[in-house]
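Structure data (mmCIF, C-alpha atoms) from final.cif:
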data_model
#
loop_
_atom_site.label_atom_id
_atom_site.label_comp_id
_atom_site.auth_asym_id
_atom_site.auth_seq_id
_atom_site.Cartn_x
_atom_site.Cartn_y
_atom_site.Cartn_z
CA MET A 1 -105.79 -30.27 -11.72
CA ASN A 2 -105.52 -33.04 -9.14
CA GLY A 3 -102.14 -34.74 -9.48
CA LYS A 4 -102.71 -37.60 -7.04
CA ASP A 5 -104.84 -39.69 -9.32
CA GLU A 6 -103.55 -38.27 -12.58
CA GLN A 7 -102.35 -40.95 -14.99
CA ILE A 8 -98.84 -40.57 -16.39
CA SER A 9 -100.16 -40.41 -19.95
CA ALA A 10 -102.65 -37.73 -18.93
CA LEU A 11 -99.88 -35.82 -17.17
CA PHE A 12 -97.67 -35.76 -20.24
CA LYS A 13 -100.61 -34.80 -22.46
CA ARG A 14 -101.22 -31.92 -20.11
CA THR A 15 -97.60 -30.68 -19.84
CA LEU A 16 -96.70 -31.22 -23.50
CA PHE A 17 -99.91 -30.03 -25.05
CA PHE A 18 -102.93 -28.70 -23.16
CA GLU A 19 -100.89 -26.70 -20.65
CA ASN A 20 -97.59 -26.48 -22.54
CA PRO A 21 -95.48 -24.02 -20.54
CA VAL A 22 -94.24 -22.06 -23.55
CA VAL A 23 -97.08 -21.89 -26.05
CA ILE A 24 -100.04 -22.01 -23.66
CA GLN A 25 -98.74 -20.48 -20.44
CA ILE A 26 -96.24 -18.21 -22.28
CA LEU A 27 -93.47 -18.89 -19.76
CA GLY A 28 -89.75 -19.19 -20.41
CA ILE A 29 -89.96 -16.98 -23.50
CA CYS A 30 -86.70 -15.14 -22.86
CA SER A 31 -84.50 -18.19 -23.34
CA ALA A 32 -86.80 -19.51 -26.07
CA LEU A 33 -85.87 -16.42 -28.08
CA ALA A 34 -82.20 -16.37 -27.16
CA VAL A 35 -80.84 -19.87 -27.61
CA THR A 36 -82.81 -21.17 -30.58
CA ASN A 37 -80.59 -20.32 -33.54
CA ARG A 38 -78.70 -23.61 -33.46
CA LEU A 39 -80.20 -27.00 -32.63
CA ILE A 40 -77.21 -28.25 -30.66
CA ASN A 41 -77.24 -25.26 -28.26
CA THR A 42 -81.00 -25.55 -27.94
CA ALA A 43 -80.79 -29.25 -27.16
CA ILE A 44 -78.27 -28.69 -24.35
CA MET A 45 -80.35 -25.84 -22.95
CA ALA A 46 -83.48 -28.00 -23.10
CA ILE A 47 -81.77 -30.91 -21.34
CA GLY A 48 -80.52 -28.51 -18.65
CA LEU A 49 -83.90 -26.96 -18.07
CA THR A 50 -85.70 -30.31 -18.01
CA LEU A 51 -83.26 -31.80 -15.49
CA VAL A 52 -83.35 -28.71 -13.29
CA THR A 53 -87.16 -28.53 -13.33
CA ALA A 54 -87.61 -32.23 -12.57
CA LEU A 55 -84.98 -32.34 -9.81
CA SER A 56 -86.04 -29.11 -8.11
CA SER A 57 -89.68 -30.19 -8.15
CA LEU A 58 -88.64 -33.52 -6.65
CA THR A 59 -86.53 -31.89 -3.94
CA ILE A 60 -89.06 -29.23 -3.05
CA SER A 61 -91.83 -31.78 -2.90
CA ALA A 62 -89.74 -34.10 -0.69
CA ILE A 63 -89.18 -31.36 1.89
CA ARG A 64 -92.50 -29.57 1.35
CA ASN A 65 -93.87 -30.48 4.80
CA LEU A 66 -90.78 -29.07 6.51
CA ILE A 67 -90.64 -25.72 4.70
CA PRO A 68 -92.07 -22.81 6.72
CA ARG A 69 -94.65 -20.98 4.56
CA ARG A 70 -93.07 -17.58 5.05
CA ILE A 71 -89.75 -18.54 3.47
CA ARG A 72 -90.93 -21.09 0.93
CA MET A 73 -89.99 -18.91 -2.06
CA MET A 74 -86.50 -18.41 -0.69
CA VAL A 75 -86.14 -22.16 -0.32
CA GLN A 76 -87.44 -22.74 -3.86
CA VAL A 77 -84.94 -20.30 -5.33
CA LEU A 78 -82.14 -21.84 -3.25
CA VAL A 79 -82.91 -25.33 -4.55
CA ILE A 80 -83.30 -24.18 -8.16
CA ALA A 81 -80.16 -22.03 -8.11
CA SER A 82 -78.11 -24.89 -6.66
CA TYR A 83 -79.11 -27.29 -9.43
CA VAL A 84 -78.47 -24.66 -12.11
CA ILE A 85 -74.97 -23.95 -10.76
CA VAL A 86 -74.20 -27.67 -10.69
CA PHE A 87 -75.35 -27.98 -14.32
CA ASP A 88 -73.33 -24.92 -15.31
CA LEU A 89 -70.15 -26.29 -13.70
CA ILE A 90 -70.59 -29.67 -15.39
CA LEU A 91 -71.05 -27.98 -18.79
CA LYS A 92 -67.95 -25.83 -18.26
CA ALA A 93 -65.91 -28.88 -17.32
CA TYR A 94 -67.04 -31.30 -20.00
CA LEU A 95 -68.59 -29.28 -22.86
CA PRO A 96 -66.71 -25.95 -22.76
CA ALA A 97 -67.53 -25.00 -26.36
CA ILE A 98 -71.27 -25.29 -25.81
CA SER A 99 -70.96 -23.58 -22.45
CA ALA A 100 -69.29 -20.64 -24.20
CA ALA A 101 -71.97 -20.55 -26.92
CA LEU A 102 -74.80 -20.48 -24.38
CA GLY A 103 -73.04 -17.72 -22.46
CA PRO A 104 -75.09 -16.30 -19.62
CA TYR A 105 -78.24 -18.23 -20.53
CA VAL A 106 -77.36 -21.30 -18.47
CA GLY A 107 -77.16 -19.17 -15.33
CA LEU A 108 -80.40 -17.52 -16.33
CA ILE A 109 -82.22 -20.86 -16.10
CA ILE A 110 -82.59 -19.84 -12.44
CA THR A 111 -84.99 -17.09 -13.41
CA ASN A 112 -86.94 -19.24 -15.85
CA CYS A 113 -90.56 -18.88 -14.76
CA ILE A 114 -91.38 -22.47 -15.67
CA ILE A 115 -89.29 -23.93 -12.83
CA MET A 116 -90.48 -21.52 -10.17
CA GLY A 117 -94.03 -21.86 -11.50
CA ARG A 118 -94.00 -25.66 -11.24
CA ALA A 119 -92.42 -25.51 -7.78
CA GLU A 120 -95.02 -23.10 -6.47
CA ALA A 121 -98.08 -24.40 -8.33
CA TYR A 122 -97.43 -28.13 -8.15
CA ALA A 123 -94.47 -29.42 -6.13
CA GLN A 124 -95.53 -27.55 -2.97
CA SER A 125 -98.75 -29.55 -2.81
CA HIS A 126 -98.01 -32.92 -4.43
CA PRO A 127 -95.97 -36.02 -3.49
CA PRO A 128 -92.36 -36.29 -4.80
CA LEU A 129 -92.91 -38.76 -7.63
CA SER A 130 -95.81 -36.80 -9.15
CA ALA A 131 -93.83 -33.58 -8.72
CA PHE A 132 -90.81 -35.14 -10.46
CA LEU A 133 -92.95 -36.29 -13.40
CA ASP A 134 -94.70 -32.92 -13.59
CA GLY A 135 -91.32 -31.17 -13.70
CA LEU A 136 -90.03 -33.62 -16.29
CA GLY A 137 -93.15 -33.17 -18.41
CA SER A 138 -93.04 -29.38 -18.20
CA GLY A 139 -89.36 -29.44 -19.16
CA LEU A 140 -90.14 -31.66 -22.13
CA GLY A 141 -92.99 -29.37 -23.14
CA TYR A 142 -90.53 -26.48 -23.16
CA SER A 143 -87.91 -28.55 -25.00
CA MET A 144 -90.35 -29.61 -27.71
CA VAL A 145 -91.33 -26.04 -28.58
CA LEU A 146 -87.72 -24.84 -28.51
CA MET A 147 -86.56 -27.64 -30.78
CA ILE A 148 -89.30 -26.82 -33.30
CA VAL A 149 -88.29 -23.15 -33.30
CA ALA A 150 -84.58 -24.01 -33.53
CA PHE A 151 -85.22 -26.49 -36.36
CA VAL A 152 -86.84 -23.78 -38.49
CA ARG A 153 -84.26 -21.13 -37.58
CA GLU A 154 -81.15 -23.23 -38.13
CA LEU A 155 -82.50 -24.73 -41.36
CA LEU A 156 -83.33 -21.37 -42.92
CA GLY A 157 -80.64 -19.28 -41.22
CA PHE A 158 -77.56 -21.48 -41.64
CA GLY A 159 -78.87 -24.09 -44.09
CA THR A 160 -77.79 -26.77 -41.62
CA LEU A 161 -79.32 -29.14 -39.06
CA PHE A 162 -77.17 -29.94 -36.01
CA GLY A 163 -74.32 -28.32 -37.96
CA VAL A 164 -74.71 -30.64 -40.99
CA LYS A 165 -75.32 -28.89 -44.29
CA VAL A 166 -78.67 -29.99 -45.72
CA THR A 167 -79.65 -27.30 -48.19
CA PRO A 168 -78.35 -27.16 -51.79
CA GLU A 169 -75.45 -24.82 -52.63
CA SER A 170 -77.82 -22.41 -54.38
CA PHE A 171 -79.77 -21.81 -51.15
CA VAL A 172 -79.26 -18.30 -49.83
CA ASN A 173 -79.27 -18.26 -46.00
CA TRP A 174 -81.93 -16.07 -44.42
CA THR A 175 -79.71 -13.99 -42.19
CA ILE A 176 -82.71 -12.63 -40.29
CA MET A 177 -83.40 -16.18 -39.02
CA ILE A 178 -80.14 -16.13 -37.05
CA MET A 179 -81.00 -12.94 -35.24
CA ALA A 180 -83.44 -12.40 -32.39
CA PRO A 181 -86.38 -10.90 -34.35
CA SER A 182 -86.98 -14.12 -36.27
CA ALA A 183 -87.50 -15.98 -32.98
CA PHE A 184 -90.52 -13.77 -32.39
CA PHE A 185 -91.97 -14.65 -35.80
CA VAL A 186 -91.29 -18.36 -35.57
CA LEU A 187 -92.44 -18.67 -31.98
CA SER A 188 -95.63 -16.74 -32.72
CA ILE A 189 -96.43 -19.02 -35.64
CA VAL A 190 -95.81 -22.13 -33.52
CA LEU A 191 -97.99 -20.62 -30.79
CA TRP A 192 -100.74 -19.90 -33.29
CA ILE A 193 -100.70 -23.46 -34.65
CA PHE A 194 -100.79 -24.96 -31.14
CA LYS A 195 -103.60 -22.72 -29.97
CA SER A 196 -105.85 -23.32 -32.95
CA PHE A 197 -105.20 -27.06 -32.77
CA ARG A 198 -106.02 -27.05 -29.06
CA THR A 199 -109.21 -25.08 -29.57
CA GLY A 200 -110.15 -27.52 -32.32
CA THR A 201 -109.84 -30.59 -30.08
CA LYS A 202 -111.78 -29.10 -27.19
CA MET B 1 -91.67 -26.60 17.65
CA ARG B 2 -94.35 -24.95 15.54
CA LYS B 3 -93.56 -24.84 11.83
CA ASP B 4 -94.35 -21.14 11.56
CA SER B 5 -92.50 -20.02 14.67
CA PRO B 6 -89.65 -17.54 14.02
CA LEU B 7 -87.08 -19.83 15.63
CA TYR B 8 -88.01 -22.79 13.42
CA THR B 9 -88.00 -20.54 10.33
CA ILE B 10 -84.54 -19.23 11.09
CA LEU B 11 -83.15 -22.66 11.96
CA PHE B 12 -84.63 -24.17 8.82
CA ALA B 13 -83.20 -21.39 6.65
CA PHE B 14 -79.75 -21.92 8.16
CA ILE B 15 -79.76 -25.68 7.83
CA ILE B 16 -81.11 -25.80 4.28
CA SER B 17 -78.65 -23.10 3.14
CA ALA B 18 -75.76 -24.94 4.75
CA LEU B 19 -76.76 -28.22 3.08
CA PHE B 20 -76.95 -26.69 -0.38
CA ALA B 21 -73.78 -24.69 0.13
CA LEU B 22 -72.06 -27.96 1.01
CA LEU B 23 -73.40 -29.60 -2.16
CA LEU B 24 -72.20 -26.69 -4.33
CA GLY B 25 -68.83 -26.66 -2.61
CA ALA B 26 -68.39 -30.35 -3.32
CA VAL B 27 -69.31 -30.04 -7.01
CA ASN B 28 -67.11 -26.99 -7.39
CA ALA B 29 -64.15 -28.78 -5.83
CA ALA B 30 -64.74 -31.82 -8.04
CA THR B 31 -64.88 -29.83 -11.30
CA ARG B 32 -62.46 -26.98 -10.62
CA ASP B 33 -59.32 -28.63 -11.97
CA THR B 34 -61.03 -29.82 -15.14
CA ILE B 35 -62.48 -26.36 -15.80
CA LEU B 36 -59.12 -24.63 -15.30
CA LEU B 37 -57.43 -27.18 -17.56
CA LYS B 38 -60.04 -26.65 -20.30
CA GLN B 39 -59.58 -22.87 -20.12
CA LYS B 40 -55.82 -23.27 -20.33
CA ILE B 41 -56.13 -25.58 -23.36
CA VAL B 42 -58.44 -23.11 -25.15
CA GLU B 43 -55.80 -20.42 -24.70
CA GLU B 44 -52.91 -22.68 -25.72
CA LYS B 45 -54.77 -23.73 -28.87
CA ALA B 46 -55.43 -20.09 -29.74
CA ILE B 47 -51.77 -19.12 -29.30
CA LEU B 48 -50.57 -22.02 -31.46
CA GLU B 49 -53.22 -21.30 -34.08
CA ALA B 50 -52.33 -17.59 -34.24
CA ALA B 51 -48.71 -18.53 -34.89
CA GLY B 52 -49.82 -20.84 -37.70
CA ILE B 53 -49.53 -24.21 -35.97
CA SER B 54 -52.57 -26.39 -36.50
CA THR B 55 -54.07 -28.22 -33.52
CA VAL B 56 -57.03 -29.68 -35.41
CA GLY B 57 -58.05 -33.08 -34.11
CA MET B 58 -55.58 -33.06 -31.24
CA SER B 59 -56.50 -34.19 -27.76
CA ASP B 60 -56.07 -31.86 -24.79
CA VAL B 61 -52.93 -33.66 -23.66
CA GLU B 62 -51.37 -33.48 -27.14
CA VAL B 63 -52.11 -29.75 -27.36
CA ASP B 64 -50.53 -29.19 -23.97
CA THR B 65 -47.41 -31.20 -24.91
CA LEU B 66 -47.06 -29.35 -28.23
CA PHE B 67 -47.50 -26.03 -26.46
CA ARG B 68 -44.74 -26.83 -23.96
CA GLU B 69 -42.47 -27.88 -26.80
CA LYS B 70 -43.07 -24.86 -29.07
CA VAL B 71 -43.89 -21.94 -26.84
CA LYS B 72 -41.80 -19.97 -24.41
CA THR B 73 -43.55 -17.37 -22.28
CA VAL B 74 -41.59 -14.26 -21.39
CA GLU B 75 -42.48 -11.21 -19.34
CA TYR B 76 -41.09 -8.08 -20.93
CA SER B 77 -41.79 -4.49 -19.87
CA GLN B 78 -44.83 -5.74 -17.93
CA LYS B 79 -46.33 -7.53 -20.93
CA THR B 80 -46.65 -11.24 -21.50
CA ILE B 81 -45.15 -12.28 -24.83
CA TYR B 82 -45.30 -15.81 -26.21
CA LEU B 83 -42.30 -16.85 -28.30
CA VAL B 84 -43.53 -19.55 -30.65
CA LYS B 85 -41.17 -21.78 -32.64
CA THR B 86 -42.67 -22.19 -36.11
CA ASP B 87 -41.37 -23.81 -39.29
CA LYS B 88 -40.54 -20.30 -40.54
CA GLY B 89 -38.49 -19.40 -37.49
CA GLN B 90 -39.99 -17.63 -34.54
CA ALA B 91 -43.27 -15.80 -34.03
CA PHE B 92 -44.19 -13.35 -31.29
CA ALA B 93 -47.72 -13.73 -29.99
CA PHE B 94 -49.61 -11.62 -27.50
CA LYS B 95 -53.11 -11.30 -26.13
CA TYR B 96 -55.13 -8.26 -27.01
CA SER B 97 -58.77 -7.35 -26.53
CA GLY B 98 -61.05 -4.59 -27.68
CA PRO B 99 -64.73 -3.74 -27.94
CA GLY B 100 -66.77 -5.62 -30.54
CA LEU B 101 -70.37 -4.96 -31.55
CA TRP B 102 -71.97 -6.77 -28.60
CA GLY B 103 -69.13 -7.46 -26.22
CA THR B 104 -65.38 -7.54 -25.85
CA ILE B 105 -63.44 -9.49 -28.47
CA TYR B 106 -60.45 -11.36 -27.01
CA ALA B 107 -57.80 -12.12 -29.59
CA ILE B 108 -54.31 -13.54 -29.90
CA ILE B 109 -52.22 -11.62 -32.43
CA ALA B 110 -49.00 -13.15 -33.73
CA VAL B 111 -46.24 -11.34 -35.62
CA ASP B 112 -43.44 -13.09 -37.48
CA GLU B 113 -39.75 -12.88 -36.65
CA SER B 114 -39.04 -9.86 -38.87
CA LEU B 115 -41.92 -7.89 -37.30
CA THR B 116 -42.99 -6.86 -40.81
CA ARG B 117 -45.64 -9.51 -41.34
CA LEU B 118 -48.43 -10.91 -39.25
CA ALA B 119 -48.07 -14.59 -38.44
CA GLY B 120 -51.79 -14.84 -37.83
CA ILE B 121 -54.68 -14.11 -35.54
CA SER B 122 -57.13 -16.14 -33.49
CA PHE B 123 -59.98 -15.36 -31.14
CA THR B 124 -60.41 -16.83 -27.68
CA LYS B 125 -63.72 -15.21 -26.84
CA GLN B 126 -66.20 -13.15 -28.84
CA SER B 127 -69.93 -12.57 -28.72
CA GLU B 128 -70.57 -11.13 -32.18
CA THR B 129 -73.83 -11.89 -34.00
CA PRO B 130 -73.81 -15.60 -34.90
CA GLY B 131 -73.66 -16.06 -38.67
CA LEU B 132 -72.63 -12.44 -39.31
CA GLY B 133 -69.93 -10.90 -37.11
CA GLY B 134 -69.48 -14.32 -35.53
CA ARG B 135 -67.87 -15.39 -38.83
CA ILE B 136 -64.61 -13.73 -37.73
CA ASP B 137 -63.95 -17.10 -36.13
CA GLU B 138 -64.25 -18.91 -39.50
CA SER B 139 -60.98 -20.05 -40.99
CA TRP B 140 -61.26 -18.17 -44.35
CA PHE B 141 -61.37 -14.91 -42.43
CA LYS B 142 -58.49 -15.72 -40.11
CA MET B 143 -56.36 -17.23 -42.90
CA GLN B 144 -56.28 -13.82 -44.61
CA PHE B 145 -54.10 -12.51 -41.81
CA ARG B 146 -51.55 -15.30 -42.10
CA GLY B 147 -48.37 -13.74 -43.52
CA GLU B 148 -50.11 -10.43 -44.27
CA THR B 149 -47.72 -7.50 -44.62
CA ILE B 150 -47.81 -4.94 -41.85
CA HIS B 151 -47.85 -1.39 -43.23
CA ASP B 152 -45.16 0.98 -41.90
CA THR B 153 -47.57 3.59 -40.61
CA TYR B 154 -50.98 3.52 -38.91
CA PRO B 155 -53.28 1.86 -40.00
CA PHE B 156 -50.95 -1.14 -40.19
CA ILE B 157 -53.64 -3.49 -41.49
CA LYS B 158 -56.87 -2.51 -43.21
CA VAL B 159 -60.07 -4.52 -43.16
CA GLN B 160 -61.89 -3.45 -46.31
CA LYS B 161 -65.16 -4.21 -48.04
CA SER B 162 -64.92 -6.41 -51.08
CA SER B 163 -67.19 -8.41 -53.35
CA ARG B 164 -65.05 -11.54 -52.97
CA THR B 165 -66.45 -14.24 -50.74
CA SER B 166 -63.31 -16.23 -50.04
CA GLY B 167 -61.07 -13.53 -48.60
CA ASP B 168 -58.22 -11.41 -49.90
CA PRO B 169 -55.57 -13.65 -51.53
CA ASP B 170 -52.95 -10.87 -51.70
CA HIS B 171 -50.67 -11.02 -48.68
CA THR B 172 -48.55 -8.01 -49.60
CA ASN B 173 -51.16 -5.23 -49.62
CA ALA B 174 -51.60 -4.93 -45.84
CA SER B 175 -55.31 -5.33 -46.34
CA VAL B 176 -57.86 -8.10 -45.77
CA ASP B 177 -61.51 -8.46 -46.75
CA ALA B 178 -64.25 -7.46 -44.35
CA ILE B 179 -67.30 -9.63 -43.70
CA THR B 180 -70.39 -8.75 -45.70
CA GLY B 181 -73.22 -7.67 -43.43
CA ALA B 182 -70.91 -7.25 -40.46
CA THR B 183 -69.36 -3.82 -40.99
CA GLN B 184 -69.31 -2.96 -37.29
CA THR B 185 -67.54 -6.17 -36.34
CA SER B 186 -65.08 -5.82 -39.24
CA ASN B 187 -64.27 -2.29 -38.09
CA ALA B 188 -63.88 -3.52 -34.53
CA VAL B 189 -61.41 -6.20 -35.61
CA GLU B 190 -59.46 -3.65 -37.66
CA LYS B 191 -59.23 -1.34 -34.67
CA LEU B 192 -58.31 -4.19 -32.34
CA ILE B 193 -55.42 -5.34 -34.53
CA ASN B 194 -54.09 -1.85 -35.19
CA GLU B 195 -54.24 -0.80 -31.55
CA GLY B 196 -52.57 -4.07 -30.59
CA LEU B 197 -49.77 -3.63 -33.11
CA LYS B 198 -49.29 0.02 -32.17
CA GLU B 199 -48.79 -0.94 -28.57
CA TYR B 200 -46.75 -4.11 -29.02
CA ILE B 201 -44.49 -3.55 -32.09
CA PRO B 202 -42.17 -1.14 -30.20
CA ILE B 203 -42.04 -3.57 -27.27
CA LEU B 204 -41.30 -6.50 -29.58
CA LYS B 205 -38.57 -4.46 -31.31
CA ALA B 206 -36.95 -3.75 -27.96
CA LEU B 207 -37.32 -7.39 -26.94
CA LYS B 208 -35.72 -8.55 -30.19
CA ALA B 209 -32.86 -6.06 -29.84
CA GLY B 210 -32.34 -7.29 -26.30
CA GLU B 211 -32.28 -10.90 -27.44
CA MET B 212 -29.53 -10.21 -29.97
CA VAL B 213 -27.15 -8.95 -27.34
#
Can you present the structure in this file as structure tokens?
Amino acid sequence: MNGKDEQISALFKRTLFFENPVVIQILGICSALAVTNRLINTAIMAIGLTLVTALSSLTISAIRNLIPRRIRMMVQVLVIASYVIVFDLILKAYLPAISAALGPYVGLIITNCIIMGRAEAYAQSHPPLSAFLDGLGSGLGYSMVLMIVAFVRELLGFGTLFGVKVTPESFVNWTIMIMAPSAFFVLSIVLWIFKSFRTGTK
Amino acid sequence: MRKDSPLYTILFAFIISALFALLLGAVNAATRDTILLKQKIVEEKAILEAAGISTVGMSDVEVDTLFREKVKTVEYSQKTIYLVKTDKGQAFAFKYSGPGLWGTIYAIIAVDESLTRLAGISFTKQSETPGLGGRIDESWFKMQFRGETIHDTYPFIKVQKSSRTSGDPDHTNASVDAITGATQTSNAVEKLINEGLKEYIPILKALKAGEMV
């Protein structure tokens, strides 16, 4: 994939669909399973990951010619960790309830393979603007899948969407949807749909 | 200087680390006060709520003002006790924590002036299963404890299974309804409250006796 002459529309098609980090590359699964039982938590997590991926890719790309090869991974982790801590502090200060609900998962964005993967596979070898867009696109690809999973889980598990009751009174909540195992089912189904659709268009 | 020389590598590592440390230090300094204030407000809300004072819809400043007006913090026999002025007199509130199903449950337990009834309970931090054990933070569950009689002997309060869905309406039986599908969490809450009362009731009695003099 040559990013220098890649059109923006082609880039987003790639990151959202053909090379979607979650359903095609199977990266970032841990948090995809953990934070998807309520849409609001998922949305904040998705925003956080997208911002961190885009900004770290931008930063790493901007200083890519200065980074000695031997310590490039250390530098990548340093950049990523710094942005994650900044995001975590801002959440704690301004959205404490959501920060509490996400628990350790905000800090764990650092270990999300998508960010490190984009830094190593793309930002190291592409100019800053392309790297920023690639990070943004990958983050959005992750966000899209997580929101789909969270939509299904919150709807069936709590009978709500963004905390607003949408199902009739007679609806019995599927408790299993709130717990971790259901994330495996829902994510696998989403993955299956994406893969077969992708194979179909090729 | 060559980019792969050891000296350059070390210098680069130092400079880049220093730059990012500086950035983090700046953000930390800028947000620290807000974060501490938010944590304090969460705790103040929980103490007021446990004593039966509603803070729904109040801004942080209003909560803080109300807290200063209603609550007096005293240190007694190495414990922190919150004396809360309520419309029924005075309530004694204290922090207590115990193991839940997934992690520690941090609660505020409040006892009324006579020390024979609970004033209420609230939770400041819990990581029970959302939608199951996590429902301990729903108001129907917490309301059951409001004014519930404390039994003379251990267990002081029972959390029992029931087919009702809206909680135990009887406030004289020293018993509240457990949460369906969350037996472990219900048991954990029962243990937390009873251990808390066992430890604090004698202290509160002594404190009250001391106050009379």
note - CA of Ala150 (chain A) and CA of Thr36 (chain A) are separated by 4.5 Å
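With the cut-off set to 8 Å and all atoms listed in the file counted, chain B residues close to chain A are B:Lys3, B:Asp4, B:Tyr8, B:Thr9, B:Phe12, B:Ala13, B:Ile16, B:Ser17, B:Phe20, B:Leu24, B:Val27, B:Asn28, B:Thr31, B:Arg32, B:Thr34, B:Ile35, B:Lys38, B:Thr129, B:Pro130, B:Gly131, B:Leu132.
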Given all atoms listed in the file as the counted atoms, nearest of A:Ala131, A:Leu146, A:Leu102, A:Cys30 to Leu11 (chain A) =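 Closest candidate: A:Ala131.
Relative to CA of Ser182 (chain A), CA of Ser163 (chain B) is found at 26.8 Å.
The spacing separating CA of Ala26 (chain B) from CA of Glu120 (chain A) amounts to 27.8 Å.
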Do a neighbour search on Leu207 (chain B) at 12 Å with all atoms listed in the file, toss out local chain neighbours closer than 5 positions, and write the hits as a VMD selection string.
-> chain B and resid 74 to 83 92 113 115 200 to 202 212 to 213
Given the file above and the PyMOL selection byres ((chain A and resi 56) around 10), which residues are selected, and can you give them as an MDAnalysis selection string?
-> chainID A and resid 50:55 57:62 76:84 115:116 118:119 123 131:132 135
Requested write-out: C-alpha atoms of the selected residues, as a short mmCIF file (atom, residue, chain, number, x, y, z; two decimals), in the coordinates of the input:
data_model
loop_
_atom_site.label_atom_id
_atom_site.label_comp_id
_atom_site.auth_asym_id
_atom_site.auth_seq_id
_atom_site.Cartn_x
_atom_site.Cartn_y
_atom_site.Cartn_z
CA THR A 50 -85.70 -30.31 -18.01
CA LEU A 51 -83.26 -31.80 -15.49
CA VAL A 52 -83.35 -28.71 -13.29
CA THR A 53 -87.16 -28.53 -13.33
CA ALA A 54 -87.61 -32.23 -12.57
CA LEU A 55 -84.98 -32.34 -9.81
CA SER A 57 -89.68 -30.19 -8.15
CA LEU A 58 -88.64 -33.52 -6.65
CA THR A 59 -86.53 -31.89 -3.94
CA ILE A 60 -89.06 -29.23 -3.05
CA SER A 61 -91.83 -31.78 -2.90
CA ALA A 62 -89.74 -34.10 -0.69
CA GLN A 76 -87.44 -22.74 -3.86
CA VAL A 77 -84.94 -20.30 -5.33
CA LEU A 78 -82.14 -21.84 -3.25
CA VAL A 79 -82.91 -25.33 -4.55
CA ILE A 80 -83.30 -24.18 -8.16
CA ALA A 81 -80.16 -22.03 -8.11
CA SER A 82 -78.11 -24.89 -6.66
CA TYR A 83 -79.11 -27.29 -9.43
CA VAL A 84 -78.47 -24.66 -12.11
CA ILE A 115 -89.29 -23.93 -12.83
CA MET A 116 -90.48 -21.52 -10.17
CA ARG A 118 -94.00 -25.66 -11.24
CA ALA A 119 -92.42 -25.51 -7.78
CA ALA A 123 -94.47 -29.42 -6.13
CA ALA A 131 -93.83 -33.58 -8.72
CA PHE A 132 -90.81 -35.14 -10.46
CA GLY A 135 -91.32 -31.17 -13.70
#
Could you give me, as a PyMOL selection string, the residues within 7 Å of region 166-171 of chain B, counting all atoms listed in the file and dropping anything in the same chain fewer than 4 positions from it?
-> chain B and resi 140-141+144+147-149+176-177
Top pick for closest residue to Asn194 (chain B), considering B:Gln126, B:Ser97, B:Thr165, B:Gln90 and counting only C-alpha atoms = B:Ser97
Box time for region 66-77 of chain B: axis-aligned, enclosing all its listed atoms, 4 Å extra on each side; report centre and edge lengths in Å to one decimal, as AutoDock Vina command-line options.
--center_x -44.3 --center_y -16.9 --center_z -24.2 --size_x 14.4 --size_y 32.9 --size_z 17.7
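Among the candidate residues B:Glu195, B:Glu138, B:Glu49, B:Glu190, the one lying nearest to Ile157 (chain B) is B:Glu190, with distances computed using all atoms listed in the file.
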Selection under test: the PyMOL selection byres ((chain A and resi 141) around 10); residues as a PyMOL selection string | chain A and resi 12-23+46+50+135-140+142-146
Based on the selection just made, write C-alpha atoms of those residues as a compact mmCIF listing (two decimals), keeping the file's coordinate frame.
# COMPACT_ATOMS: atom_id res chain seq x y z
CA PHE A 12 -97.67 -35.76 -20.24
CA LYS A 13 -100.61 -34.80 -22.46
CA ARG A 14 -101.22 -31.92 -20.11
CA THR A 15 -97.60 -30.68 -19.84
CA LEU A 16 -96.70 -31.22 -23.50
CA PHE A 17 -99.91 -30.03 -25.05
CA PHE A 18 -102.93 -28.70 -23.16
CA GLU A 19 -100.89 -26.70 -20.65
CA ASN A 20 -97.59 -26.48 -22.54
CA PRO A 21 -95.48 -24.02 -20.54
CA VAL A 22 -94.24 -22.06 -23.55
CA VAL A 23 -97.08 -21.89 -26.05
CA ALA A 46 -83.48 -28.00 -23.10
CA THR A 50 -85.70 -30.31 -18.01
CA GLY A 135 -91.32 -31.17 -13.70
CA LEU A 136 -90.03 -33.62 -16.29
CA GLY A 137 -93.15 -33.17 -18.41
CA SER A 138 -93.04 -29.38 -18.20
CA GLY A 139 -89.36 -29.44 -19.16
CA LEU A 140 -90.14 -31.66 -22.13
CA TYR A 142 -90.53 -26.48 -23.16
CA SER A 143 -87.91 -28.55 -25.00
CA MET A 144 -90.35 -29.61 -27.71
CA VAL A 145 -91.33 -26.04 -28.58
CA LEU A 146 -87.72 -24.84 -28.51
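If you count only C-alpha atoms and ignore residues fewer than 5 places along the chain from Lys125 (chain B), what sits within 10 Å of it is Ala100 and Ala101 of chain A; Val42, Glu43, Ser97, Gly103, Thr104, Ile105, Tyr106, Ala107 and Asp137 of chain B.
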Write the residues of the selection above to a file with C-alpha atoms, as a short mmCIF file (atom, residue, chain, number, x, y, z; two decimals), keeping the file's coordinate frame.
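To be explicit, this is the file written out as again03.cif:
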data_model
loop_
_atom_site.label_atom_id
_atom_site.label_comp_id
_atom_site.auth_asym_id
_atom_site.auth_seq_id
_atom_site.Cartn_x
_atom_site.Cartn_y
_atom_site.Cartn_z
CA ALA A 100 -69.29 -20.64 -24.20
CA ALA A 101 -71.97 -20.55 -26.92
CA VAL B 42 -58.44 -23.11 -25.15
CA GLU B 43 -55.80 -20.42 -24.70
CA SER B 97 -58.77 -7.35 -26.53
CA GLY B 103 -69.13 -7.46 -26.22
CA THR B 104 -65.38 -7.54 -25.85
CA ILE B 105 -63.44 -9.49 -28.47
CA TYR B 106 -60.45 -11.36 -27.01
CA ALA B 107 -57.80 -12.12 -29.59
CA ASP B 137 -63.95 -17.10 -36.13
#
